[in-house]
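Peer 1: Provided herewith is a single structure, encoded as C-alpha cells, for subsequent inquiry.
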Amino acid sequence: MSADLSYVQPTPNSPWGTYLSQVDRVVPYLGELSRWAETLKRPKRALIVDVPIEMDDGSIAHFEGYRVQHNMSRGPGKGGVRFHPDVTLEEVMALSAWMTVKTAAVNLPYGGAKGGIRVDPKKLTHKELERVTRRYTSEIGIIIGPQQDIPAPDVNTNAQVMAWMMDTYSMNVGGTATGVVTGKPLHLGGSLGRVKATGRGVFVTGREAARRLGLDLRGARIAVQGFGNVGSVAAELFAEAGAKIVAVQDHTGTIVNANGLDLKTLLPLARAEGVVGFKGGDVIANESFWDVACDILIPAALEGQVTAERAQKTQARLVLEGANGPTVPAADDILAERGVLVVPDVICNAGGVTVSYFEWVQDFSSFFWDEDEINQRLDRIMMNALNQIWDTADRHRITLRTATFAVACERILMARQERGLYP
Ligand code: NAD
C-alpha cells in the first residue's frame, strides 16, 4: 500500500518540485540502481511539531516546527535548522533532500535532514528566541541525537541557537552531548573554521571553475545576492583573491559600485542593519541586480531566486550556488543553452557540512585540530569531489548539477541496495 503523499504534490517552481525534477534528470544515468530511484522522492520521516512559548508580555504564542529526515541509508541525518516566517513542510522536505545529495556528493558518512520553525526571529526578544529554540529542540528530541540526526545552523540560526539546542538535548538525556549539533561556539565543542566554511567552499569550487573557464579572478566582477554567513564570507575570499564585488543584494535592497564595493566598511554595516544605508555605492531597484555587468553571480540567499527570466538576462559566465535551490529547472536549461556554467548548490555550498563533519569527529575524539589543518582538509575534500563530478559531467556530457546528482545518488542507492529492506 502506498502512503498518502498528497501533501508533497509540488507547486510549480517550488523547492520540492525543483528537487523532484532534478531527480528525474539523473535517473537515466543510474543504470540498474534506477529501480531504487523512488526512494529519493520520499522522505523517510517528517515530524511536525507545535512549539508553544510564553512571550515576555505573558501571552502564549504557538509556532509550527518541522524536522524532516529525508534519507539515512549512508549514516545519521545531517542538516540545518531555519527560522523564517515563510518556512513550510514542503520547503524543509526539499532542503533535507538536498542534504542527502550533498553529503553523498562529498562522501561524508551522513544522510540528509533539515529542520525549521515558521517564525520571524527578528520579532522575538532574546529570551523568547531562547524559549522557542528550547521547546522546539525538546519536541524534536525524540528523533535527533549524535548517532541519529545532527542539526546545524541555517538561515537566521547561529552558534548561540546551537548552544541552546545542545544544552536542551543534554539536559533531557542527562549528560553533555556535544555531538548532537554542529556549528556550536568554540568553547562548547565547536570547530575552528566552521563559521566561514560554507563561504570558503563556495570560493574553493568557484576558483576551480573559474580556472577551468579561463576566467582570471584578478579583476573579475562579482554580484552577490544574500550577504549573510555564506554570501559575505564568499565575497571576502574572492575580494582577497583580487576580484571586485560590484553588486550586493540583501533583504533591505541592492547596492552597486562598478569599481568594487569596499567590504571592510560594508560588512559591519550589513550585519547591523543591512546593505542599503551604505555610502560607498548606489542603490538600484532589486530587479536590476540580475542584469548588472558581472562575470560571476553568487546567489546566496533563498530558493527559487534564479528564474527563467533572470537566467535570460544575467551577464555572468559563472554561477556559484551558495544558497540551496536558488535556480529553478527552467532557468537551469536557459543557463546551459547560453553557455553559463553553474556550480550547483549540492557541491558548491558543501563546505559547511564538511566542516560540521570535522566538528562531529572532533567532539567524539575530544581532540581538536588547528584552523590550517581544517582548511587544508576542507580544500582537499571539496577539490576531490569536484574533480570527480567534473569527470562524470564530461563523460556523459551533462551539466555539473546532473553529474553531482549522478555521483551522489549512485552512492545513496548503492547503500540502500546493500542494506536491503528490513523488515
Ligand atoms: P543568513 O541568515 O546568514 O543570511 C541570509 C542572507 O540572505 C541575509 O543577508 C539576508 O538579508 C538575505 N536575504 C534574505 N531574504 C532575501 C531576499 N528576499 N532577497 C535578497 N536577500 C535576502 O543565512 P546563510 O546561512 O548565509 O544562508 C544563505 C543560504 O545558504 C541559504 O539558502 C542556506 O540554506 C544556504 N546554506 C547555508 C549554510 C550555512 O552553513 N550557513 C550551508 C549551506 C547552505
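How things are named: the first chain in the C-alpha cells is A, the next is B, and so on; residues count from 1 in each chain; ligands count from 1 in the order shown.
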Can you pull out every residue with an atom within 8 Å of ligand 1? Use only C-alpha atoms and all ligand atoms and format it as a VMD selection string.

Peer 2: chain A and resid 80 82 95 152 to 157 194 to 199 225 to 232 249 to 253 270 to 271 274 300 to 303 322 to 326 345 349 to 353

Peer 1: Looking only at the backbone, which of the residues in segment 229-331 of chain A does DSSP tag as alpha helix (DSSP H), as a ChimeraX atom specification?

Peer 2: /A:229-240,263-273,308-313,329-331

Peer 1: Please report the interatomic distance between atom CA of Ala46 of chain A and atom CA of Pro12 of chain A in Å with one decimal.

Peer 2: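 According to the coordinates, atom CA of Ala46 of chain A and atom CA of Pro12 of chain A are separated by 21.7 Å.
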
Peer 1: Identify, on the basis of only C-alpha atoms, every residue whose closest approach to segment 14-25 of chain A does not exceed 10 Å; exclude the query and any residue fewer than 4 positions from it along the same chain; express the result as an NGL selection string.

Peer 2: :A and (8-10 or 29 or 37-38 or 40-42 or 89-98 or 303-304 or 324-330 or 398 or 401-403 or 405-406 or 409)

Peer 1: Can you list, as a PyMOL selection string, every residue of segment 230-295 of chain A that DSSP puts in strand (DSSP E or B)?

Peer 2: chain A and resi 244-250+253-256+282-284

Peer 1: In Å, with one decimal, what is the gap from atom CA of Cys294 of chain A to atom CA of Ile222 of chain A?

Peer 2: 5.5 Å

Peer 1: Fewer than 5 positions away in the same chain doesn't count, so skip those; otherwise give me all residues within 8 Å of segment 256-265 of chain A, counting only C-alpha atoms, as a list in words.

Peer 2: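 After dropping sequence-adjacent residues, the list is Arg221, Glu236, Lys244, Ile245, Val246, Ala247, Val248, Gly280, Gly281, Asp282, Val283 and Ile284 of chain A.
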
Peer 1: Limited to C-alpha atoms, could you put the picked residues into a file as a PDB file, in the first residue's frame?

Peer 2:
ATOM      1  CA  ARG A 221      33.379  41.275 -11.329  1.00  0.00           C
ATOM      2  CA  GLU A 236      35.529  38.442   1.264  1.00  0.00           C
ATOM      3  CA  LYS A 244      35.746  43.117  -7.400  1.00  0.00           C
ATOM      4  CA  ILE A 245      32.401  42.793  -5.643  1.00  0.00           C
ATOM      5  CA  VAL A 246      30.321  45.037  -7.897  1.00  0.00           C
ATOM      6  CA  ALA A 247      26.796  44.342  -6.569  1.00  0.00           C
ATOM      7  CA  VAL A 248      25.305  43.088  -3.320  1.00  0.00           C
ATOM      8  CA  GLY A 280      30.135  53.634  -0.911  1.00  0.00           C
ATOM      9  CA  GLY A 281      27.714  52.503  -3.618  1.00  0.00           C
ATOM     10  CA  ASP A 282      24.483  53.387  -5.422  1.00  0.00           C
ATOM     11  CA  VAL A 283      21.133  51.884  -4.520  1.00  0.00           C
ATOM     12  CA  ILE A 284      19.351  50.333  -7.523  1.00  0.00           C
TER      13      ILE A 284
END

Peer 1: In Å, how far is it from atom CA of Val407 of chain A to atom CA of Thr182 of chain A?

Peer 2: 25.6 Å

Peer 1: With only C-alpha atoms as the atoms that count, which of A:Ile389, A:Leu413, A:Leu421, A:Ile140 lies nearest to Gln69 of chain A?

Peer 2: A:Ile140

Peer 1: Which of these, A:Leu188, A:Ile143, A:Ile255, A:Val27, has the shortest distance to Ala159 of chain A once you count only C-alpha atoms?

Peer 2: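 Smallest separation from Ala159 of chain A among the options: A:Leu188.
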
Peer 1: Name the closest residue to His62 of chain A among the candidates A:Ile117, A:Ile334, A:Ala104, A:Met166; distances are taken between atoms, counting only C-alpha atoms.

Peer 2: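 Looking only at the distances to His62 of chain A, the closest residue turns out to be A:Ile117.
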
Peer 1: I need the residue nearest Ala311 of chain A from this list: A:Met99, A:Ala210, A:Val340, A:Val292. Use only C-alpha atoms for the distance.

Peer 2: A:Val340

Peer 1: Pick from A:Asp394, A:His126, A:Ala293, A:Val106: nearest to Asp379 of chain A, with only C-alpha atoms counted?

Peer 2: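 Using only C-alpha atoms, Asp379 of chain A sits closest to A:Val106.
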